[in-house]
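my_file34.cif (mmCIF, C-alpha atoms (C1' of nucleotides))
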data_query
#
loop_
_atom_site.label_atom_id
_atom_site.label_comp_id
_atom_site.auth_asym_id
_atom_site.auth_seq_id
_atom_site.Cartn_x
_atom_site.Cartn_y
_atom_site.Cartn_z
CA MET U 253 150.86 21.94 -57.32
CA SER U 254 151.41 25.34 -58.84
CA LEU U 255 147.92 26.67 -59.45
CA PRO U 256 147.07 27.34 -55.78
CA HIS U 257 150.35 29.20 -55.40
CA ALA U 258 149.73 31.21 -58.52
CA ILE U 259 146.40 32.26 -57.00
CA LEU U 260 147.98 33.08 -53.65
CA THR U 261 150.55 35.25 -55.40
CA ALA U 262 147.87 37.04 -57.39
CA LEU U 263 145.73 37.62 -54.32
CA LEU U 264 148.67 38.97 -52.36
CA GLU U 265 149.30 41.46 -55.13
CA LYS U 266 145.65 42.46 -55.01
CA PRO U 267 142.59 40.86 -53.34
CA SER U 268 140.12 39.88 -56.05
CA SER U 269 137.02 37.90 -56.90
CA GLY U 270 137.05 34.78 -59.03
CA LEU U 271 136.20 36.58 -62.23
CA GLU U 272 138.73 39.33 -61.60
CA LEU U 273 141.36 36.66 -61.09
CA THR U 274 140.31 35.03 -64.34
CA ARG U 275 140.80 38.28 -66.19
CA ARG U 276 144.18 38.83 -64.60
CA PHE U 277 145.25 35.31 -65.57
CA ASP U 278 144.26 36.16 -69.13
CA LYS U 279 146.36 39.31 -69.12
CA SER U 280 149.51 40.13 -67.21
CA ILE U 281 149.63 36.93 -65.17
CA GLY U 282 149.34 34.98 -68.42
CA TYR U 283 152.99 35.45 -69.28
CA PHE U 284 154.01 33.01 -66.58
CA TRP U 285 150.85 31.08 -65.71
CA SER U 286 147.44 30.42 -67.26
CA ALA U 287 144.18 29.13 -65.81
CA THR U 288 140.50 28.99 -66.69
CA HIS U 289 137.71 30.28 -64.49
CA GLN U 290 136.60 26.73 -63.68
CA GLN U 291 140.01 25.90 -62.31
CA ILE U 292 140.08 29.12 -60.36
CA TYR U 293 136.72 28.67 -58.64
CA ARG U 294 137.55 25.08 -57.82
CA GLU U 295 140.85 26.12 -56.33
CA LEU U 296 139.45 29.11 -54.43
CA GLY U 297 137.12 26.69 -52.67
CA LYS U 298 140.00 24.43 -51.67
CA LEU U 299 142.16 27.33 -50.53
CA GLU U 300 139.37 28.69 -48.37
CA GLN U 301 138.73 25.29 -46.81
CA SER U 302 142.43 24.96 -46.05
CA GLY U 303 142.44 28.28 -44.23
CA PHE U 304 144.85 29.93 -46.67
CA ILE U 305 142.42 32.59 -47.86
CA ARG U 306 139.08 34.00 -46.77
CA ALA U 307 136.19 35.78 -48.42
CA LEU U 308 136.03 39.43 -47.46
CA PRO U 309 133.13 39.85 -45.01
CA SER U 310 131.41 42.47 -47.16
CA ALA U 311 130.59 39.90 -49.82
CA ALA U 312 127.30 38.01 -49.75
CA PRO U 313 127.85 34.27 -50.37
CA ALA U 314 125.14 33.86 -52.99
CA ARG U 315 125.33 32.57 -56.53
CA GLY U 316 125.77 35.44 -58.94
CA GLN U 317 127.09 37.73 -56.20
CA LYS U 318 130.65 38.93 -56.32
CA LYS U 319 132.89 37.38 -53.67
CA GLU U 320 136.31 38.88 -52.95
CA TYR U 321 139.13 36.92 -51.35
CA GLU U 322 142.22 37.89 -49.41
CA VAL U 323 145.22 35.86 -48.28
CA LEU U 324 145.53 34.84 -44.62
CA PRO U 325 148.88 34.54 -42.80
CA ALA U 326 148.79 30.74 -43.22
CA GLY U 327 148.48 31.25 -46.97
CA ARG U 328 151.44 33.60 -47.08
CA ALA U 329 153.50 31.08 -45.12
CA GLU U 330 152.49 28.26 -47.43
CA LEU U 331 153.48 30.31 -50.46
CA ALA U 332 156.85 31.25 -48.96
CA GLN U 333 157.62 27.64 -48.18
CA TRP U 334 156.62 26.44 -51.65
CA ALA U 335 158.60 29.12 -53.45
CA ALA U 336 161.77 28.33 -51.53
CA ALA U 337 161.53 24.53 -51.88
CA GLY U 338 163.50 22.63 -54.50
CA GLN U 339 161.61 21.69 -57.64
CA ASP U 340 163.19 20.14 -60.69
CA PRO U 341 162.41 21.61 -64.08
CA LYS U 342 159.62 19.69 -65.79
CA PRO U 343 160.65 17.50 -68.71
CA MET U 344 159.91 19.03 -72.06
CA ARG U 345 156.64 18.35 -73.85
CA ASP U 346 155.97 20.47 -76.91
CA PRO U 347 153.42 19.47 -79.55
CA LEU U 348 154.92 21.58 -82.32
CA LEU U 349 158.36 20.02 -82.05
CA LEU U 350 156.65 16.65 -81.97
CA ARG U 351 154.71 17.42 -85.12
CA MET U 352 157.95 18.42 -86.81
CA ARG U 353 159.48 15.11 -85.85
CA ALA U 354 156.38 13.32 -87.14
CA ALA U 355 156.73 15.27 -90.38
CA ALA U 356 160.23 13.88 -90.74
CA VAL U 357 158.64 10.44 -90.96
CA ILE U 358 155.36 10.97 -92.82
CA GLY U 359 156.03 14.10 -94.87
CA THR U 360 155.64 17.83 -94.40
CA GLY U 361 152.23 18.38 -96.03
CA GLY U 362 150.46 21.40 -94.60
CA LEU U 363 153.09 22.13 -91.99
CA ARG U 364 154.44 25.25 -93.63
CA ALA U 365 151.22 27.22 -93.24
CA GLU U 366 151.01 26.10 -89.64
CA LEU U 367 154.52 27.31 -88.93
CA GLU U 368 153.72 30.68 -90.46
CA ARG U 369 150.57 30.92 -88.35
CA HIS U 370 152.50 30.18 -85.18
CA LEU U 371 155.15 32.67 -86.16
CA ALA U 372 152.53 35.40 -86.47
CA LEU U 373 151.01 34.48 -83.11
CA HIS U 374 154.37 34.61 -81.36
CA ARG U 375 155.24 37.90 -82.98
CA ALA U 376 151.93 39.35 -81.75
CA GLN U 377 152.57 38.01 -78.24
CA LEU U 378 156.04 39.49 -78.25
CA ALA U 379 154.65 42.86 -79.28
CA THR U 380 152.16 42.69 -76.41
CA TYR U 381 154.93 41.94 -73.93
CA HIS U 382 157.06 44.77 -75.27
CA GLY U 383 154.08 47.03 -74.78
CA ILE U 384 153.75 45.95 -71.17
CA GLU U 385 157.48 46.38 -70.69
CA THR U 386 157.65 49.98 -71.84
CA LYS U 387 154.47 50.88 -69.95
CA ASP U 388 155.17 49.12 -66.65
CA PHE U 389 158.94 49.11 -66.42
CA PRO U 390 160.42 52.43 -67.45
CA PRO U 391 164.20 52.56 -66.89
CA GLU U 392 164.15 54.90 -63.90
CA ARG U 393 162.03 52.71 -61.58
CA ASP U 394 163.86 49.95 -59.82
CA SER U 395 162.38 48.87 -56.53
CA GLU U 396 163.03 45.25 -55.62
CA GLN U 397 159.52 44.25 -56.64
CA ASP U 398 159.84 45.97 -59.98
CA ARG U 399 163.16 44.39 -60.80
CA LEU U 400 161.87 40.89 -60.01
CA ARG U 401 158.62 41.37 -61.92
CA HIS U 402 160.53 42.80 -64.83
CA LEU U 403 162.73 39.71 -64.77
CA VAL U 404 159.67 37.47 -65.06
CA LEU U 405 158.40 39.50 -67.99
CA ARG U 406 161.85 39.24 -69.57
CA GLY U 407 161.42 35.48 -69.34
CA GLY U 408 158.23 35.69 -71.35
CA ILE U 409 159.87 38.01 -73.88
CA GLU U 410 162.90 35.80 -74.33
CA LEU U 411 160.74 32.70 -74.74
CA GLU U 412 158.74 34.36 -77.51
CA THR U 413 162.00 35.47 -79.07
CA PHE U 414 163.21 31.88 -79.01
CA TRP U 415 160.09 30.69 -80.82
CA ILE U 416 160.32 33.39 -83.45
CA GLY U 417 163.92 32.47 -84.08
CA TRP U 418 163.26 28.76 -84.29
CA LEU U 419 160.19 29.12 -86.50
CA THR U 420 162.12 31.37 -88.87
CA GLU U 421 164.88 28.78 -88.99
CA ALA U 422 162.30 26.05 -89.62
CA LEU U 423 160.63 27.94 -92.46
CA GLY U 424 164.02 28.46 -94.03
CA THR U 425 164.75 24.77 -93.84
CA LEU U 426 161.38 23.81 -95.30
CA GLY U 427 161.79 26.48 -97.94
CA ASP U 428 164.85 24.81 -99.37
CA GLU U 429 162.77 22.11 -101.03
CA ARG U 430 159.79 21.60 -103.29
CA MET U 431 156.65 21.63 -101.18
CA GLY U 432 155.67 18.00 -101.50
CA GLU U 433 152.55 16.44 -100.06
CA GLU U 434 154.04 12.98 -100.48
CA PRO U 435 155.92 11.32 -97.67
CA PRO U 436 159.68 11.16 -98.21
CA ARG U 437 160.89 8.20 -100.24
CA GLU U 438 161.04 5.18 -98.02
CA GLU U 439 164.55 4.78 -96.71
CA PRO U 440 165.58 1.53 -95.08
CA PRO U 441 164.45 1.90 -91.45
CA ARG U 442 167.89 2.64 -90.17
CA GLU U 443 168.71 2.58 -86.49
CA GLU U 444 168.38 5.76 -84.53
CA ARG U 445 171.96 6.44 -83.89
CA SER U 446 171.73 8.30 -80.62
CA GLU U 447 169.84 5.56 -78.82
CA LYS U 448 172.39 2.82 -78.82
CA MET F 173 146.10 14.42 -77.51
CA SER F 174 149.80 14.33 -78.23
CA LEU F 175 151.03 11.23 -76.44
CA PRO F 176 149.47 8.69 -78.84
CA HIS F 177 150.99 10.59 -81.75
CA ALA F 178 154.36 10.69 -80.10
CA ILE F 179 154.18 6.93 -79.77
CA LEU F 180 153.07 6.48 -83.38
CA THR F 181 156.00 8.61 -84.52
CA ALA F 182 158.43 6.62 -82.41
CA LEU F 183 157.04 3.29 -83.65
CA LEU F 184 157.24 4.41 -87.26
CA GLU F 185 160.88 5.25 -86.76
CA LYS F 186 161.42 1.82 -85.27
CA PRO F 187 158.99 -0.87 -84.03
CA SER F 188 159.55 -1.40 -80.33
CA SER F 189 158.24 -2.93 -77.14
CA GLY F 190 156.86 -0.86 -74.27
CA LEU F 191 160.08 -0.83 -72.35
CA GLU F 192 162.15 0.02 -75.40
CA LEU F 193 159.81 2.95 -76.04
CA THR F 194 160.24 4.05 -72.45
CA ARG F 195 164.00 4.09 -72.85
CA ARG F 196 163.74 6.01 -76.09
CA PHE F 197 161.46 8.58 -74.45
CA ASP F 198 164.09 8.99 -71.77
CA LYS F 199 166.81 9.60 -74.34
CA SER F 200 166.60 11.13 -77.77
CA ILE F 201 162.82 11.47 -77.88
CA GLY F 202 163.02 13.31 -74.57
CA TYR F 203 164.12 16.56 -76.18
CA PHE F 204 160.64 17.09 -77.58
CA TRP F 205 158.38 14.77 -75.57
CA SER F 206 158.50 12.87 -72.30
CA ALA F 207 156.43 10.00 -70.96
CA THR F 208 156.58 7.36 -68.23
CA HIS F 209 156.26 3.65 -68.81
CA GLN F 210 152.81 3.61 -67.21
CA GLN F 211 151.56 6.16 -69.70
CA ILE F 212 153.13 4.23 -72.53
CA TYR F 213 151.58 0.87 -71.67
CA ARG F 214 148.19 2.46 -71.13
CA GLU F 215 148.41 4.20 -74.48
CA LEU F 216 149.74 1.17 -76.34
CA GLY F 217 146.61 -0.68 -75.23
CA LYS F 218 144.35 2.07 -76.55
CA LEU F 219 146.24 2.36 -79.82
CA GLU F 220 145.97 -1.38 -80.37
CA GLN F 221 142.25 -1.36 -79.61
CA SER F 222 141.77 1.48 -82.08
CA GLY F 223 143.49 -0.49 -84.80
CA PHE F 224 146.36 1.99 -85.17
CA ILE F 225 149.08 -0.45 -84.15
CA ARG F 226 149.42 -4.20 -83.69
CA ALA F 227 151.65 -6.50 -81.71
CA LEU F 228 154.11 -8.35 -83.91
CA PRO F 229 152.90 -11.95 -84.20
CA SER F 230 156.19 -13.37 -82.90
CA ALA F 231 155.53 -12.02 -79.41
CA ALA F 232 153.74 -14.14 -76.80
CA PRO F 233 151.05 -12.11 -75.02
CA ALA F 234 152.06 -13.08 -71.49
CA ARG F 235 152.99 -10.92 -68.56
CA GLY F 236 156.72 -10.50 -68.37
CA GLN F 237 157.15 -11.41 -72.04
CA LYS F 238 158.40 -8.81 -74.47
CA LYS F 239 155.75 -7.57 -76.88
CA GLU F 240 156.77 -5.58 -79.95
CA TYR F 241 154.42 -3.23 -81.77
CA GLU F 242 154.32 -1.84 -85.29
CA VAL F 243 152.18 0.87 -86.87
CA LEU F 244 149.29 -0.10 -89.16
CA PRO F 245 148.21 2.01 -92.17
CA ALA F 246 145.32 3.47 -90.15
CA GLY F 247 147.82 4.64 -87.57
CA ARG F 248 150.00 6.31 -90.17
CA ALA F 249 146.94 8.08 -91.59
CA GLU F 250 145.86 9.24 -88.15
CA LEU F 251 149.32 10.64 -87.48
CA ALA F 252 149.45 12.45 -90.81
CA GLN F 253 146.08 14.03 -90.21
CA TRP F 254 146.98 15.13 -86.69
CA ALA F 255 150.33 16.60 -87.72
CA ALA F 256 148.77 18.67 -90.48
CA ALA F 257 145.83 19.97 -88.43
CA GLY F 258 145.85 23.42 -86.86
CA GLN F 259 146.71 23.55 -83.17
CA ASP F 260 147.25 26.73 -81.23
CA PRO F 261 150.32 27.03 -79.05
CA LYS F 262 149.54 26.11 -75.46
CA PRO F 263 149.39 29.01 -73.02
CA MET F 264 152.46 29.32 -70.90
CA ARG F 265 152.73 27.64 -67.51
CA ASP F 266 156.13 27.69 -65.90
CA PRO F 267 156.62 27.08 -62.17
CA LEU F 268 160.01 28.79 -61.99
CA LEU F 269 158.77 32.07 -63.42
CA LEU F 270 155.83 31.82 -61.06
CA ARG F 271 158.12 31.32 -58.09
CA MET F 272 160.07 34.37 -59.16
CA ARG F 273 156.89 36.40 -59.24
CA ALA F 274 155.94 35.04 -55.83
CA ALA F 275 159.38 36.04 -54.60
CA ALA F 276 158.64 39.60 -55.69
CA VAL F 277 155.81 39.60 -53.14
CA ILE F 278 157.10 37.52 -50.24
CA GLY F 279 160.88 37.85 -50.51
CA THR F 280 163.69 35.98 -52.22
CA GLY F 281 164.84 33.69 -49.43
CA GLY F 282 166.44 30.52 -50.77
CA LEU F 283 165.75 31.29 -54.40
CA ARG F 284 169.33 32.02 -55.35
CA ALA F 285 170.53 28.50 -54.68
CA GLU F 286 167.58 27.15 -56.61
CA LEU F 287 168.41 29.31 -59.62
CA GLU F 288 172.00 28.11 -59.54
CA ARG F 289 170.84 24.50 -59.37
CA HIS F 290 168.56 24.98 -62.38
CA LEU F 291 171.33 26.72 -64.25
CA ALA F 292 173.61 23.71 -63.75
CA LEU F 293 170.87 21.31 -64.88
CA HIS F 294 170.20 23.29 -68.04
CA ARG F 295 173.90 23.53 -68.82
CA ALA F 296 174.19 19.77 -68.47
CA GLN F 297 171.18 19.22 -70.73
CA LEU F 298 172.61 21.58 -73.32
CA ALA F 299 175.89 19.70 -73.27
CA THR F 300 173.99 16.44 -73.83
CA TYR F 301 172.16 17.92 -76.80
CA HIS F 302 175.37 19.25 -78.28
CA GLY F 303 176.81 15.78 -77.95
CA ILE F 304 173.85 14.31 -79.85
CA GLU F 305 174.17 17.03 -82.45
CA THR F 306 177.80 16.40 -83.29
CA LYS F 307 177.30 12.64 -83.24
CA ASP F 308 174.04 12.41 -85.20
CA PHE F 309 174.14 15.44 -87.47
CA PRO F 310 177.55 15.91 -89.02
CA PRO F 311 177.59 18.74 -91.60
CA GLU F 312 177.83 16.56 -94.70
CA ARG F 313 174.63 14.58 -94.19
CA ASP F 314 171.45 16.31 -95.25
CA SER F 315 168.61 14.05 -96.26
CA GLU F 316 165.14 15.46 -95.70
CA GLN F 317 164.67 13.35 -92.58
CA ASP F 318 167.97 14.46 -91.16
CA ARG F 319 167.32 18.13 -91.74
CA LEU F 320 163.93 17.97 -90.03
CA ARG F 321 165.19 15.94 -87.10
CA HIS F 322 168.13 18.28 -86.74
CA LEU F 323 165.67 21.16 -86.65
CA VAL F 324 163.79 19.56 -83.76
CA LEU F 325 167.03 19.06 -81.88
CA ARG F 326 167.91 22.70 -82.56
CA GLY F 327 164.64 23.57 -80.83
CA GLY F 328 165.77 21.73 -77.72
CA ILE F 329 169.17 23.36 -77.89
CA GLU F 330 167.78 26.85 -78.28
CA LEU F 331 165.32 26.34 -75.45
CA GLU F 332 168.12 25.30 -73.10
CA THR F 333 170.11 28.30 -74.29
CA PHE F 334 167.17 30.53 -73.44
CA TRP F 335 167.01 29.16 -69.91
CA ILE F 336 170.73 29.53 -69.37
CA GLY F 337 170.54 33.13 -70.52
CA TRP F 338 167.54 33.99 -68.40
CA LEU F 339 168.89 32.28 -65.27
CA THR F 340 172.19 34.12 -65.65
CA GLU F 341 170.29 37.38 -66.00
CA ALA F 342 168.23 36.49 -62.91
CA LEU F 343 171.26 35.66 -60.81
CA GLY F 344 172.79 38.97 -61.82
CA THR F 345 169.66 40.80 -60.75
CA LEU F 346 169.49 38.99 -57.42
CA GLY F 347 173.20 39.54 -56.97
CA ASP F 348 172.80 43.30 -56.96
CA GLU F 349 171.38 43.29 -53.44
CA ARG F 350 172.06 41.98 -49.95
CA MET F 351 170.67 38.48 -49.72
CA GLY F 352 167.81 39.13 -47.35
CA GLU F 353 165.54 36.47 -45.91
CA GLU F 354 162.99 39.12 -44.95
CA PRO F 355 160.14 40.00 -47.24
CA PRO F 356 160.52 43.39 -48.93
CA ARG F 357 159.28 46.35 -46.93
CA GLU F 358 155.55 46.54 -47.25
CA GLU F 359 154.68 48.98 -49.99
CA PRO F 360 151.14 50.24 -50.29
CA PRO F 361 149.39 47.58 -52.41
CA ARG F 362 149.51 49.61 -55.54
CA GLU F 363 147.44 48.65 -58.55
CA GLU F 364 148.93 46.41 -61.13
CA ARG F 365 149.38 48.85 -63.90
CA SER F 366 149.09 46.59 -66.88
CA GLU F 367 145.72 45.17 -65.93
CA LYS F 368 143.62 48.26 -66.20
"C1'" DG R 256 167.69 -20.84 -54.43
"C1'" DG R 257 168.28 -15.82 -53.81
"C1'" DT R 258 169.14 -11.56 -56.03
"C1'" DT R 259 169.12 -8.50 -59.72
"C1'" DA R 260 167.58 -6.88 -64.10
"C1'" DC R 261 164.04 -7.16 -67.53
"C1'" DA R 262 159.29 -6.53 -68.78
"C1'" DT R 263 154.40 -5.56 -68.40
"C1'" DG R 264 151.04 -4.04 -66.12
"C1'" DT R 265 146.94 -1.95 -62.10
"C1'" DA R 266 145.07 1.48 -59.06
"C1'" DA R 267 144.40 5.89 -57.16
"C1'" DC R 268 144.76 10.69 -57.39
"C1'" DG R 269 144.99 15.33 -59.09
"C1'" DG R 270 145.14 18.99 -62.50
"C1'" DG R 271 143.55 20.78 -67.04
"C1'" DT R 272 139.90 20.97 -70.59
"C1'" DT R 273 135.33 21.30 -72.28
"C1'" DA R 274 130.53 21.70 -71.94
"C1'" DC R 275 126.88 23.05 -69.45
"C1'" DA R 276 123.93 25.35 -65.54
"C1'" DT R 277 122.22 29.17 -62.85
"C1'" DG R 278 121.60 33.55 -60.60
"C1'" DA R 279 122.17 38.73 -60.62
"C1'" DT R 280 122.64 43.21 -63.00
"C1'" DT R 281 122.43 46.35 -66.64
"C1'" DT R 282 120.62 48.07 -71.07
"C1'" DC R 283 117.42 48.74 -74.68
"C1'" DG L 194 110.38 42.36 -70.34
"C1'" DA L 195 113.95 40.43 -73.41
"C1'" DA L 196 118.71 40.31 -74.24
"C1'" DA L 197 123.29 40.87 -73.03
"C1'" DT L 198 126.71 40.84 -69.53
"C1'" DC L 199 128.51 39.85 -65.13
"C1'" DA L 200 129.44 36.32 -61.86
"C1'" DT L 201 129.74 31.84 -59.73
"C1'" DG L 202 129.55 27.46 -60.08
"C1'" DT L 203 128.88 21.59 -61.56
"C1'" DA L 204 130.01 17.52 -64.12
"C1'" DA L 205 132.54 14.53 -67.07
"C1'" DC L 206 136.59 13.26 -69.30
"C1'" DC L 207 141.48 12.77 -70.29
"C1'" DC L 208 146.25 13.06 -69.25
"C1'" DG L 209 150.20 12.96 -66.13
"C1'" DT L 210 152.01 11.35 -61.66
"C1'" DT L 211 152.96 8.18 -58.00
"C1'" DA L 212 152.91 3.93 -55.79
"C1'" DC L 213 152.42 -0.67 -56.09
"C1'" DA L 214 151.96 -5.60 -58.24
"C1'" DT L 215 153.39 -9.53 -60.95
"C1'" DG L 216 155.85 -12.42 -63.91
"C1'" DT L 217 160.36 -13.96 -66.55
"C1'" DA L 218 165.30 -14.56 -67.31
"C1'" DA L 219 170.07 -14.40 -66.10
"C1'" DC L 220 173.61 -14.74 -62.83
"C1'" DC L 221 176.00 -16.20 -58.73
#
Rewrite the coordinates I just gave you, this time as structure tokens.
Amino acid sequence: MSLPHAILTALLEKPSSGLELTRRFDKSIGYFWSATHQQIYRELGKLEQSGFIRALPSAAPARGQKKEYEVLPAGRAELAQWAAAGQDPKPMRDPLLLRMRAAAVIGTGGLRAELERHLALHRAQLATYHGIETKDFPPERDSEQDRLRHLVLRGGIELETFWIGWLTEALGTLGDERMGEEPPREEPPREERSEK
Amino acid sequence: MSLPHAILTALLEKPSSGLELTRRFDKSIGYFWSATHQQIYRELGKLEQSGFIRALPSAAPARGQKKEYEVLPAGRAELAQWAAAGQDPKPMRDPLLLRMRAAAVIGTGGLRAELERHLALHRAQLATYHGIETKDFPPERDSEQDRLRHLVLRGGIELETFWIGWLTEALGTLGDERMGEEPPREEPPREERSEK
DNA sequence: GGTTACATGTAACGGGTTACATGATTTC
DNA sequence: GAAATCATGTAACCCGTTACATGTAACC
């Protein structure tokens, strides 16, 4: 149940319309949460029905007309309660690590190019975040809000750094061998040792 | 569409029943993919219907009776194709970073304890992974399969290390101030600079 | 025979993804 | 007035989550 709270947070920072929210989720909000415009409109409807937000009176409720929303006190309370509640970290689920494990069984054909592509993407993302960091968080500023937001951005930066490091490591490991398309010679299907 | 391929990978490593798969997903497979038994049974049915796997003939198809599956050639081909295809990294979506950003707006009440709890969980997970690493990947062994699997485990280890580092950083940042329950003094809702 | 562990499912719900639909505004 | 852009939606599908259901085997 995180999307509604992501929207509440974004609207508290600045009242917006659905499309404006979509753009913000594609940019600065994207380094901790992502959402499509379909999700956002669906969720804005629910949040309004629940009394957590309301459309600003100036906006005409017609299709094709901009509609701006702001957070109501009930919405702020809901967000505060959610943010303070205990939530366990979600179990891991990463397709790239999975594909690497699959490659261990069926062979590494084509994976190398894919790793290099991902590496480039993560490097680009990291550069973007560094850009945001120098622009938005110069050393002198340090209000509470700024320090916390900077911390969140640091999370994004460190995650990208992790990926760059791991992908580099992976390319090094793959590089040690001839680039075979064939699956590895069939070893006897030995037990997985760590599962006994 | 990763779950079916996770199951194919697991079954190639060792033919198993639904419950055995569930246990494996809770243990060593868990450091790159997670799944519940309900997901697994549902998916095993689909994979069998698609002709990617089959139940070993020895097993009686009755409720409450163990049913073991193995991968058919079509399944291996499907997995190989999927693993080699291009897939973009998924956009980020992390509830804890989101809660931190929410805290920047509504105040940090209760978050500190939550960060410490997560820190302990990640430390425990890292210790588990290190245990697997020393047990399953001693320095002398280095077949192709072992090197790739070790790489995947390294991914899990480095991710946990990232979280431990970030959470420590976060606790330090929170620690710098009096632990207030009150939201930060209302600043004028200034523009978000990086979204212009 | 009652309880516990093993083993395989069903059903309902909600969020995320993709494709498509429709109205309003600006630009050429 | 045709095209592009802005803006708000609808619909269908799949995956993940939660709760519940049912049958078998072992143990006491």
Starting from chain U, keep only residues with some atom at most 7 Å from an atom of chain F, counting all atoms listed in the file, and report them as a ChimeraX atom specification. /U:254,258,261,265-266,276,279-280,282-286,332,335-336,338,343-347,349-354,356-358,361-363,366,384,388,397,400-401,403-404,407,410-411,414,418,422,441,445-447
Taking the file as I've supplied it (selection: the PyMOL selection byres ((chain F) within 12 of (chain R))), which residues are included? Please answer as a ChimeraX atom specification. /F:173,189-194,209-214,216-217,233-240,262-263,265
Taking the file as I've supplied it (selection: the PyMOL selection byres ((chain L) within 10 of (chain F))), which residues are included? Please answer as an MDAnalysis selection string. chainID L and resid 207:210 215:218
Contact residues around F:Ala227 with all atoms listed in the file at 8 Å, ignoring same-chain residues under 2 positions, as a ChimeraX atom specification: /F:220,225,229,231,239-242
Would you work out the distance separating atom CA of F:Leu298 from atom CA of F:Thr340, expressed in Å to one decimal?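 Between atom CA of F:Leu298 and atom CA of F:Thr340 the gap is 14.7 Å.
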